[in-house]
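structure_19.cif follows; it contains mmCIF, C-alpha atoms.
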data_data
#
loop_
_atom_site.label_atom_id
_atom_site.label_comp_id
_atom_site.auth_asym_id
_atom_site.auth_seq_id
_atom_site.Cartn_x
_atom_site.Cartn_y
_atom_site.Cartn_z
CA MET A 1 -1.61 26.08 0.96
CA PHE A 2 -2.65 22.55 0.03
CA THR A 3 -5.66 21.38 -1.93
CA LEU A 4 -7.11 18.01 -1.00
CA TYR A 5 -9.42 16.37 -3.50
CA TYR A 6 -11.82 14.02 -1.71
CA ALA A 7 -15.18 12.33 -1.99
CA PRO A 8 -17.38 11.60 1.03
CA GLY A 9 -17.27 8.02 2.23
CA THR A 10 -13.89 7.31 0.68
CA CYS A 11 -10.45 6.72 2.17
CA ALA A 12 -9.67 10.42 1.55
CA LEU A 13 -11.23 10.99 4.98
CA ALA A 14 -7.97 9.92 6.64
CA SER A 15 -5.91 12.56 4.84
CA HIS A 16 -8.62 15.16 5.48
CA ILE A 17 -8.56 14.51 9.24
CA ALA A 18 -4.75 14.55 9.22
CA LEU A 19 -4.60 17.95 7.50
CA GLU A 20 -7.11 19.39 9.95
CA GLN A 21 -5.38 17.84 12.96
CA ALA A 22 -1.98 19.12 11.80
CA GLY A 23 -3.33 22.66 11.50
CA ALA A 24 -2.47 22.80 7.80
CA ASP A 25 -3.55 25.64 5.57
CA TYR A 26 -5.67 23.73 3.05
CA GLN A 27 -8.84 23.67 1.06
CA ALA A 28 -10.86 20.52 0.52
CA VAL A 29 -12.42 20.11 -2.92
CA ARG A 30 -15.13 17.55 -3.40
CA VAL A 31 -15.03 15.25 -6.42
CA ASP A 32 -18.55 14.21 -7.39
CA PHE A 33 -18.43 10.45 -7.85
CA SER A 34 -22.18 10.37 -8.69
CA SER A 35 -21.44 12.20 -11.96
CA ASN A 36 -18.16 10.29 -12.43
CA GLN A 37 -16.21 13.52 -12.04
CA GLN A 38 -13.11 11.51 -11.07
CA GLN A 39 -12.84 10.55 -14.75
CA SER A 40 -13.24 14.13 -16.04
CA PRO A 41 -10.35 15.59 -18.09
CA HIS A 42 -9.79 18.19 -15.37
CA PHE A 43 -9.50 15.67 -12.56
CA LEU A 44 -7.41 13.27 -14.63
CA SER A 45 -4.98 16.15 -15.19
CA VAL A 46 -4.67 16.37 -11.39
CA ASN A 47 -4.56 12.61 -10.80
CA PRO A 48 -4.25 10.35 -13.84
CA LYS A 49 -5.37 7.42 -11.67
CA GLY A 50 -8.85 8.97 -11.39
CA ARG A 51 -8.94 8.35 -7.66
CA VAL A 52 -9.07 10.26 -4.41
CA PRO A 53 -7.32 11.36 -2.31
CA ALA A 54 -5.06 13.65 -4.32
CA LEU A 55 -3.12 16.32 -2.48
CA VAL A 56 -1.94 19.29 -4.51
CA THR A 57 1.21 20.86 -3.09
CA SER A 58 3.42 23.68 -4.32
CA ARG A 59 5.79 21.03 -5.70
CA GLY A 60 3.31 18.72 -7.34
CA VAL A 61 0.49 16.30 -6.68
CA LEU A 62 0.71 13.44 -4.21
CA THR A 63 -1.52 10.38 -4.21
CA GLU A 64 -1.91 7.18 -2.16
CA THR A 65 -3.07 7.49 1.43
CA PRO A 66 0.01 6.03 3.19
CA ALA A 67 2.31 8.42 1.29
CA ILE A 68 0.08 11.45 1.90
CA LEU A 69 -0.23 10.65 5.59
CA GLN A 70 3.52 10.43 6.18
CA PHE A 71 3.98 13.59 4.11
CA ILE A 72 1.57 15.49 6.37
CA CYS A 73 3.34 14.14 9.48
CA GLN A 74 6.76 15.19 8.18
CA THR A 75 5.55 18.59 6.95
CA PHE A 76 3.99 19.37 10.34
CA PRO A 77 6.32 17.60 12.76
CA LYS A 78 5.14 19.63 15.76
CA ALA A 79 1.70 18.08 15.45
CA GLY A 80 3.31 14.83 16.61
CA LEU A 81 1.19 12.59 14.39
CA ALA A 82 3.88 9.96 13.68
CA PRO A 83 6.95 8.51 15.44
CA LEU A 84 9.27 10.42 13.10
CA ASP A 85 12.33 10.05 15.31
CA ASP A 86 12.11 6.27 15.61
CA VAL A 87 12.85 4.43 12.39
CA PHE A 88 11.39 1.13 13.61
CA GLU A 89 8.20 2.64 15.01
CA LEU A 90 7.72 4.66 11.83
CA ALA A 91 8.05 1.44 9.84
CA ARG A 92 5.49 -0.20 12.12
CA MET A 93 3.14 2.70 11.39
CA ASN A 94 3.73 2.42 7.66
CA ALA A 95 3.27 -1.36 7.75
CA PHE A 96 -0.11 -0.86 9.41
CA ASN A 97 -1.11 1.81 6.90
CA SER A 98 0.09 -0.32 4.00
CA TYR A 99 -1.99 -3.26 5.25
CA LEU A 100 -5.08 -1.03 5.33
CA CYS A 101 -4.30 0.22 1.83
CA SER A 102 -3.34 -2.99 0.08
CA THR A 103 -5.41 -5.64 1.90
CA VAL A 104 -8.31 -4.16 3.89
CA HIS A 105 -9.33 -1.45 1.44
CA ILE A 106 -8.99 -3.98 -1.39
CA ALA A 107 -11.22 -6.48 0.42
CA HIS A 108 -13.83 -3.72 0.75
CA ALA A 109 -13.48 -2.62 -2.87
CA HIS A 110 -14.59 -6.04 -4.10
CA GLY A 111 -18.07 -5.18 -2.82
CA ARG A 112 -18.47 -1.96 -4.79
CA ARG A 113 -15.95 -2.05 -7.58
CA GLY A 114 -15.56 -5.67 -8.57
CA TYR A 115 -15.62 -4.53 -12.21
CA ARG A 116 -12.00 -3.52 -11.72
CA TRP A 117 -10.96 -7.18 -11.67
CA ALA A 118 -13.58 -9.06 -13.71
CA ASP A 119 -16.18 -8.30 -16.39
CA ASP A 120 -18.56 -11.22 -15.80
CA PRO A 121 -21.58 -10.17 -13.65
CA VAL A 122 -21.52 -13.63 -12.04
CA ALA A 123 -17.95 -12.98 -10.91
CA ILE A 124 -18.82 -9.53 -9.60
CA ALA A 125 -21.68 -11.02 -7.58
CA ALA A 126 -19.36 -13.72 -6.22
CA MET A 127 -16.89 -11.06 -5.11
CA GLN A 128 -19.62 -9.08 -3.34
CA LYS A 129 -20.70 -12.22 -1.53
CA LYS A 130 -17.28 -12.80 0.01
CA VAL A 131 -16.78 -9.26 1.34
CA PRO A 132 -18.26 -9.87 4.82
CA GLN A 133 -15.86 -12.80 5.25
CA THR A 134 -12.72 -11.06 4.00
CA MET A 135 -13.42 -7.86 5.92
CA SER A 136 -14.08 -9.90 9.08
CA GLU A 137 -10.79 -11.74 8.62
CA CYS A 138 -8.91 -8.47 8.20
CA PHE A 139 -10.46 -6.91 11.28
CA SER A 140 -9.91 -10.08 13.32
CA LEU A 141 -6.22 -9.78 12.54
CA ILE A 142 -6.20 -6.07 13.39
CA GLU A 143 -8.04 -6.74 16.66
CA SER A 144 -5.84 -9.65 17.73
CA GLU A 145 -2.43 -8.71 16.36
CA TYR A 146 -2.02 -5.08 15.37
CA PHE A 147 -4.21 -2.86 17.53
CA GLN A 148 -2.05 -2.09 20.56
CA GLY A 149 -4.35 0.21 22.52
CA PRO A 150 -5.38 2.72 23.51
CA TRP A 151 -4.31 3.89 20.05
CA VAL A 152 -3.35 1.75 17.08
CA LEU A 153 0.39 1.97 17.78
CA GLY A 154 0.08 2.12 21.57
CA GLU A 155 0.33 5.21 23.73
CA HIS A 156 0.59 7.71 20.89
CA TYR A 157 -2.20 8.95 18.66
CA THR A 158 -1.00 8.87 15.04
CA VAL A 159 -2.31 9.03 11.50
CA SER A 160 -2.85 5.26 11.71
CA ASP A 161 -5.77 6.04 14.05
CA MET A 162 -7.32 8.30 11.43
CA TYR A 163 -6.84 5.69 8.73
CA LEU A 164 -8.23 2.81 10.82
CA PHE A 165 -11.23 4.96 11.78
CA THR A 166 -11.85 5.73 8.11
CA ILE A 167 -11.92 2.11 7.03
CA ALA A 168 -13.76 0.88 10.14
CA GLN A 169 -16.59 3.23 9.10
CA TRP A 170 -17.26 0.85 6.22
CA LEU A 171 -17.86 -2.30 8.28
CA GLU A 172 -21.65 -2.17 8.53
CA GLY A 173 -21.97 -1.37 4.83
CA ASP A 174 -19.81 -4.42 4.19
CA GLY A 175 -22.12 -6.65 6.22
CA VAL A 176 -19.85 -6.89 9.26
CA ASP A 177 -20.88 -6.19 12.85
CA ALA A 178 -18.14 -3.92 14.21
CA GLU A 179 -18.96 -4.99 17.75
CA LYS A 180 -17.34 -8.36 17.00
CA PHE A 181 -14.09 -6.42 17.37
CA PRO A 182 -14.41 -4.68 20.75
CA ASN A 183 -11.12 -2.78 20.66
CA VAL A 184 -11.70 -1.50 17.15
CA ALA A 185 -15.32 -0.63 17.97
CA GLU A 186 -14.35 1.29 21.11
CA HIS A 187 -11.58 3.06 19.18
CA ARG A 188 -14.06 4.03 16.49
CA ARG A 189 -16.41 5.57 19.06
CA ARG A 190 -13.51 7.44 20.67
CA MET A 191 -12.32 8.75 17.30
CA ALA A 192 -15.85 9.84 16.30
CA ALA A 193 -16.02 11.88 19.50
CA LEU A 194 -12.89 13.89 18.73
CA PRO A 195 -13.79 17.47 17.74
CA VAL A 196 -11.44 17.36 14.75
CA VAL A 197 -13.12 14.25 13.40
CA SER A 198 -16.69 15.50 13.77
CA GLN A 199 -15.63 18.80 12.21
CA VAL A 200 -14.20 17.06 9.13
CA LEU A 201 -17.19 14.74 8.83
CA ALA A 202 -19.51 17.75 9.01
CA ALA A 203 -17.49 19.59 6.36
CA GLN A 204 -17.72 16.55 4.08
CA ARG A 205 -21.52 16.49 4.57
CA GLN A 206 -21.96 20.11 3.42
CA PRO A 207 -23.47 20.55 -0.04
CA ALA A 208 -20.70 20.82 -2.64
CA MET B 1 21.50 -8.83 11.98
CA PHE B 2 18.21 -9.05 10.09
CA THR B 3 16.35 -12.11 8.87
CA LEU B 4 14.34 -11.76 5.69
CA TYR B 5 11.71 -14.38 4.98
CA TYR B 6 11.11 -14.64 1.27
CA ALA B 7 9.86 -16.94 -1.46
CA PRO B 8 11.26 -16.91 -4.99
CA GLY B 9 9.12 -15.09 -7.53
CA THR B 10 7.35 -12.97 -4.92
CA CYS B 11 7.50 -9.29 -4.08
CA ALA B 12 10.00 -10.14 -1.33
CA LEU B 13 12.65 -9.77 -4.05
CA ALA B 14 12.52 -5.98 -3.68
CA SER B 15 13.38 -6.09 0.03
CA HIS B 16 16.06 -8.71 -0.65
CA ILE B 17 17.78 -6.51 -3.24
CA ALA B 18 17.49 -3.48 -0.93
CA LEU B 19 19.17 -5.32 1.97
CA GLU B 20 21.98 -6.49 -0.28
CA GLN B 21 22.40 -3.07 -1.89
CA ALA B 22 22.47 -1.36 1.52
CA GLY B 23 25.22 -3.68 2.73
CA ALA B 24 23.05 -4.96 5.58
CA ASP B 25 24.07 -7.86 7.78
CA TYR B 26 21.21 -10.26 7.06
CA GLN B 27 20.22 -13.81 6.35
CA ALA B 28 17.56 -14.73 3.83
CA VAL B 29 15.30 -17.62 4.79
CA ARG B 30 13.18 -19.25 2.13
CA VAL B 31 9.53 -20.02 2.85
CA ASP B 32 8.41 -23.02 0.80
CA PHE B 33 5.14 -22.01 -0.79
CA SER B 34 4.86 -25.40 -2.56
CA SER B 35 4.30 -27.07 0.83
CA ASN B 36 2.23 -24.10 2.08
CA GLN B 37 4.89 -23.33 4.68
CA GLN B 38 3.62 -19.75 4.90
CA GLN B 39 0.62 -21.15 6.81
CA SER B 40 2.74 -23.25 9.21
CA PRO B 41 2.46 -22.46 12.94
CA HIS B 42 6.10 -21.38 12.97
CA PHE B 43 5.76 -18.92 10.13
CA LEU B 44 2.43 -17.60 11.39
CA SER B 45 4.19 -16.84 14.67
CA VAL B 46 6.61 -14.69 12.65
CA ASN B 47 3.96 -13.12 10.42
CA PRO B 48 0.31 -13.77 11.28
CA LYS B 49 -0.64 -12.64 7.78
CA GLY B 50 1.04 -15.74 6.33
CA ARG B 51 2.79 -13.68 3.67
CA VAL B 52 6.28 -12.69 2.59
CA PRO B 53 8.27 -10.53 2.94
CA ALA B 54 8.70 -10.50 6.70
CA LEU B 55 11.78 -8.81 8.11
CA VAL B 56 12.85 -9.85 11.60
CA THR B 57 14.69 -7.08 13.42
CA SER B 58 16.01 -6.82 16.96
CA ARG B 59 12.90 -4.84 17.85
CA GLY B 60 10.27 -6.94 16.15
CA VAL B 61 8.98 -8.11 12.81
CA LEU B 62 8.15 -5.76 9.96
CA THR B 63 5.88 -6.59 7.04
CA GLU B 64 4.59 -4.86 3.90
CA THR B 65 7.07 -4.01 1.17
CA PRO B 66 6.71 -0.19 1.19
CA ALA B 67 7.30 -0.10 4.96
CA ILE B 68 10.26 -2.49 4.82
CA LEU B 69 11.86 -0.57 1.95
CA GLN B 70 11.73 2.79 3.73
CA PHE B 71 12.98 1.11 6.92
CA ILE B 72 16.03 -0.22 5.07
CA CYS B 73 16.67 3.21 3.54
CA GLN B 74 16.47 4.95 6.92
CA THR B 75 18.54 2.30 8.70
CA PHE B 76 21.31 2.57 6.11
CA PRO B 77 21.16 6.24 5.10
CA LYS B 78 24.68 6.22 3.64
CA ALA B 79 23.52 3.79 0.95
CA GLY B 80 21.49 6.68 -0.48
CA LEU B 81 18.55 4.53 -1.57
CA ALA B 82 15.82 7.11 -0.88
CA PRO B 83 15.47 10.92 -0.87
CA LEU B 84 15.40 10.97 2.93
CA ASP B 85 16.19 14.67 3.22
CA ASP B 86 13.37 15.82 0.95
CA VAL B 87 9.92 15.31 2.41
CA PHE B 88 8.13 15.79 -0.92
CA GLU B 89 10.44 13.50 -2.89
CA LEU B 90 10.18 10.84 -0.20
CA ALA B 91 6.39 11.08 -0.46
CA ARG B 92 6.64 10.72 -4.21
CA MET B 93 8.72 7.56 -3.68
CA ASN B 94 6.21 6.19 -1.19
CA ALA B 95 3.29 7.03 -3.48
CA PHE B 96 4.96 5.05 -6.26
CA ASN B 97 5.67 2.12 -3.95
CA SER B 98 2.13 2.24 -2.56
CA TYR B 99 0.71 2.14 -6.08
CA LEU B 100 2.78 -0.97 -6.84
CA CYS B 101 1.62 -2.57 -3.58
CA SER B 102 -2.07 -1.72 -3.60
CA THR B 103 -2.92 -1.60 -7.31
CA VAL B 104 -0.32 -3.32 -9.50
CA HIS B 105 0.46 -6.25 -7.21
CA ILE B 106 -3.29 -6.65 -6.58
CA ALA B 107 -4.01 -6.73 -10.32
CA HIS B 108 -1.40 -9.50 -10.67
CA ALA B 109 -2.73 -11.43 -7.67
CA HIS B 110 -6.10 -11.91 -9.36
CA GLY B 111 -4.39 -14.29 -11.77
CA ARG B 112 -2.94 -16.59 -9.13
CA ARG B 113 -4.89 -16.01 -5.96
CA GLY B 114 -8.41 -15.10 -7.00
CA TYR B 115 -9.68 -17.38 -4.21
CA ARG B 116 -8.85 -14.56 -1.84
CA TRP B 117 -11.82 -12.58 -3.13
CA ALA B 118 -14.34 -15.14 -4.44
CA ASP B 119 -15.13 -18.84 -3.97
CA ASP B 120 -16.92 -19.52 -7.26
CA PRO B 121 -14.57 -21.13 -9.85
CA VAL B 122 -16.36 -19.16 -12.59
CA ALA B 123 -15.45 -15.95 -10.79
CA ILE B 124 -11.85 -17.04 -10.33
CA ALA B 125 -11.59 -17.81 -14.05
CA ALA B 126 -13.12 -14.41 -14.90
CA MET B 127 -10.52 -12.70 -12.71
CA GLN B 128 -7.68 -14.58 -14.43
CA LYS B 129 -9.01 -13.52 -17.80
CA LYS B 130 -8.82 -9.82 -16.99
CA VAL B 131 -5.24 -9.82 -15.66
CA PRO B 132 -3.52 -9.01 -18.99
CA GLN B 133 -5.81 -5.97 -19.34
CA THR B 134 -5.41 -4.66 -15.78
CA MET B 135 -1.66 -5.20 -15.72
CA SER B 136 -1.34 -3.46 -19.11
CA GLU B 137 -3.35 -0.50 -17.81
CA CYS B 138 -1.13 -0.24 -14.72
CA PHE B 139 2.07 -0.36 -16.73
CA SER B 140 0.72 2.12 -19.30
CA LEU B 141 0.20 4.56 -16.45
CA ILE B 142 3.67 3.88 -15.04
CA GLU B 143 5.23 4.30 -18.49
CA SER B 144 3.38 7.53 -19.34
CA GLU B 145 3.04 9.24 -15.95
CA TYR B 146 5.31 7.93 -13.23
CA PHE B 147 8.55 6.63 -14.70
CA GLN B 148 10.81 9.69 -14.88
CA GLY B 149 13.99 8.13 -16.25
CA PRO B 150 16.67 7.05 -16.18
CA TRP B 151 15.44 5.76 -12.82
CA VAL B 152 11.88 5.65 -11.53
CA LEU B 153 12.18 8.92 -9.62
CA GLY B 154 14.59 10.60 -12.02
CA GLU B 155 18.32 10.98 -11.59
CA HIS B 156 18.62 8.92 -8.42
CA TYR B 157 18.48 5.15 -8.08
CA THR B 158 16.15 4.26 -5.19
CA VAL B 159 14.27 1.33 -3.73
CA SER B 160 11.43 2.17 -6.14
CA ASP B 161 13.68 0.82 -8.90
CA MET B 162 14.03 -2.48 -7.07
CA TYR B 163 10.30 -2.70 -6.49
CA LEU B 164 9.38 -1.83 -10.08
CA PHE B 165 11.90 -4.38 -11.35
CA THR B 166 10.37 -7.02 -9.07
CA ILE B 167 6.84 -6.52 -10.33
CA ALA B 168 7.87 -6.00 -13.97
CA GLN B 169 9.35 -9.52 -13.80
CA TRP B 170 5.77 -10.80 -13.69
CA LEU B 171 4.54 -9.23 -16.93
CA GLU B 172 5.10 -12.17 -19.29
CA GLY B 173 3.54 -14.60 -16.80
CA ASP B 174 0.56 -12.27 -16.70
CA GLY B 175 0.19 -12.36 -20.48
CA VAL B 176 1.64 -8.92 -21.11
CA ASP B 177 4.42 -8.06 -23.55
CA ALA B 178 6.83 -5.89 -21.55
CA GLU B 179 8.15 -4.37 -24.77
CA LYS B 180 4.89 -2.42 -25.09
CA PHE B 181 6.40 -0.23 -22.37
CA PRO B 182 9.82 0.73 -23.72
CA ASN B 183 11.02 2.73 -20.72
CA VAL B 184 9.99 0.04 -18.25
CA ALA B 185 11.47 -2.69 -20.47
CA GLU B 186 14.79 -0.89 -20.82
CA HIS B 187 14.84 -0.23 -17.06
CA ARG B 188 14.20 -3.91 -16.40
CA ARG B 189 17.15 -4.92 -18.57
CA ARG B 190 19.37 -2.34 -16.86
CA MET B 191 18.30 -3.54 -13.41
CA ALA B 192 18.86 -7.22 -14.34
CA ALA B 193 22.43 -6.32 -15.35
CA LEU B 194 23.31 -4.85 -11.95
CA PRO B 195 25.65 -7.19 -10.04
CA VAL B 196 23.60 -6.83 -6.86
CA VAL B 197 20.43 -7.91 -8.65
CA SER B 198 21.95 -10.95 -10.36
CA GLN B 199 23.56 -11.93 -7.06
CA VAL B 200 20.22 -11.86 -5.23
CA LEU B 201 18.42 -13.67 -8.04
CA ALA B 202 21.13 -16.36 -7.98
CA ALA B 203 20.84 -16.70 -4.18
CA GLN B 204 17.08 -17.13 -4.50
CA ARG B 205 17.59 -19.87 -7.10
CA GLN B 206 19.84 -21.94 -4.79
CA PRO B 207 18.25 -25.09 -3.33
CA ALA B 208 16.69 -24.28 0.06
#

Turn this file's structure into structure tokens for me.
Amino acid sequence: MFTLYYAPGTCALASHIALEQAGADYQAVRVDFSSNQQQSPHFLSVNPKGRVPALVTSRGVLTETPAILQFICQTFPKAGLAPLDDVFELARMNAFNSYLCSTVHIAHAHGRRGYRWADDPVAIAAMQKKVPQTMSECFSLIESEYFQGPWVLGEHYTVSDMYLFTIAQWLEGDGVDAEKFPNVAEHRRRMAALPVVSQVLAAQRQPA
Amino acid sequence: MFTLYYAPGTCALASHIALEQAGADYQAVRVDFSSNQQQSPHFLSVNPKGRVPALVTSRGVLTETPAILQFICQTFPKAGLAPLDDVFELARMNAFNSYLCSTVHIAHAHGRRGYRWADDPVAIAAMQKKVPQTMSECFSLIESEYFQGPWVLGEHYTVSDMYLFTIAQWLEGDGVDAEKFPNVAEHRRRMAALPVVSQVLAAQRQPA
């Protein structure tokens, strides 16, 4: 039995979909960002970073989306959500996930959480202003170089699809027209139509 | 035979040490950042992101430090550089590496490459100003929560040690006194004394 701490609209969606898709026995616990619950003593005792996702396992707490995603794939190998038997392909998957985590998510975060990197309101406004450009550059690279089709890594549906879907959900809010990236946009529609994805999105919309 | 593209002083050091430690057959090729060689047509054909590290393998190019590190560990399992047989411990390693990649390295990058996230010189200066604080907060968390001792993950030396060493090298340049974090500082000295580490640092100092 796992416990996933999440907040709606965050990158925790990828881990949530992966748990559901893998058929894991889990509960999802919402962290209320509107009341800053991620900084509460209780939540900080779960995850001292004060962030979601955090996955509580019988052996301890895991954080960081790329690590949680591979953990779910390896814990439920029959679900076939990663190329576990191919060291190179697995590295390609992790490189994609790491790019989402360390470049694309970070580009997005400058629109909402610029205070992490500067105190001056002028600087925070300047960061917000650049988000449409940086997010467009990231998705141009994904569209032209990394999205293989029909799934992110090619013929096989993996956790990278869940993670790309999660971050692609943010494009309009970041001032970017997703239709500029036809492969990503079509992938996003296809992902949204999967029963497992609509089920998780509906669960995240339920009152806490 | 692998080819590692690196630049001195960058996070590519971690992959370089891992290749050497694993006994891999590889060549290291320097990318000259002073002449902006990372944006040259040749290098962009290797890595369209225009970043190092990039690891050329017989099956294609891998990028992103956490992905490259696990790839090296899995390709050379006898080197014992990761807990490959323990899904939870491997996830803990990847969570640590992902934190370095997506939070600590990003905090550092705001001191040198703020132009990635804002165009206004006032904003770039404000980002630089906050780097000592953000890097201190990251290393406080590593010191208090994540560094197990004697190695990052506990009893076993892994690629997380190489990656932590790499980023800890940046502390003074970021205006942070490494001695505020006694476990990290002692680990850094111990890592610097390893023959494999001094050998790689010496190789990176050679004229290109």

- Task: Return as a VMD selection string the set of residues that the PyMOL selection byres ((chain B) within 6 of (chain A)) yields on the displayed structure.
- Result: chain B and resid 63 to 64 67 71 91 94 to 95 102 117 to 118 123 126 to 127 130

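One distance worth recording is that between CA of Met135 (chain A) and CA of Pro41 (chain B), which is 22.7 Å.
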
- Message: Take the PyMOL selection byres ((chain B and resi 200) around 10), run it mentally on this structure, and tell me the resulting residues as a list in words.
- Response: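 Applying the expression gives Leu13, Ala14, His16, Ile17, Ala18, Leu19, Glu20, Gln21, Ala28, Pro195, Val196, Val197, Ser198, Gln199, Leu201, Ala202, Ala203, Gln204 and Arg205 of chain B.
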
Centre and size of axis-aligned box enclosing region 17-32 of chain B plus 6 Å each side, as lines of an AutoDock Vina configuration file:
center_x = 16.8
center_y = -12.2
center_z = 2.3
size_x = 28.8
size_y = 33.7
size_z = 23.0

- CA of Ser140 (chain A) to CA of Ala82 (chain A), distance in Å rounded to a single decimal: 24.3 Å

- Query: Taking only C-alpha atoms into account, which of A:Ser160, A:Gln39, A:Ser136, A:Ser34 comes nearest Pro8 (chain A)?
  - Reply: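 Of the candidates, the smallest distance to Pro8 (chain A) is held by A:Ser34.
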
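CA of Asp161 (chain A) sits 17.0 Å away from CA of Gly23 (chain A).
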
- Test item: the PyMOL selection byres ((chain B and resi 186) around 12) resolved as a PyMOL selection string: chain B and resi 143+147+149-152+165+168+178-185+187-193

- Selection near Val31 (chain B), 8 Å with only C-alpha atoms, sequence-local residues under 3 positions removed, as a list of chain:residue names: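 So, after excluding close chain neighbours, the residues are B:Tyr5, B:Tyr6, B:Ala7, B:Gln37, B:Gln38.
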
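Considering all atoms listed in the file, the residue among B:Ala79, B:Val56, B:Thr158, B:Gly50 positioned nearest to Leu4 (chain B) is B:Val56.
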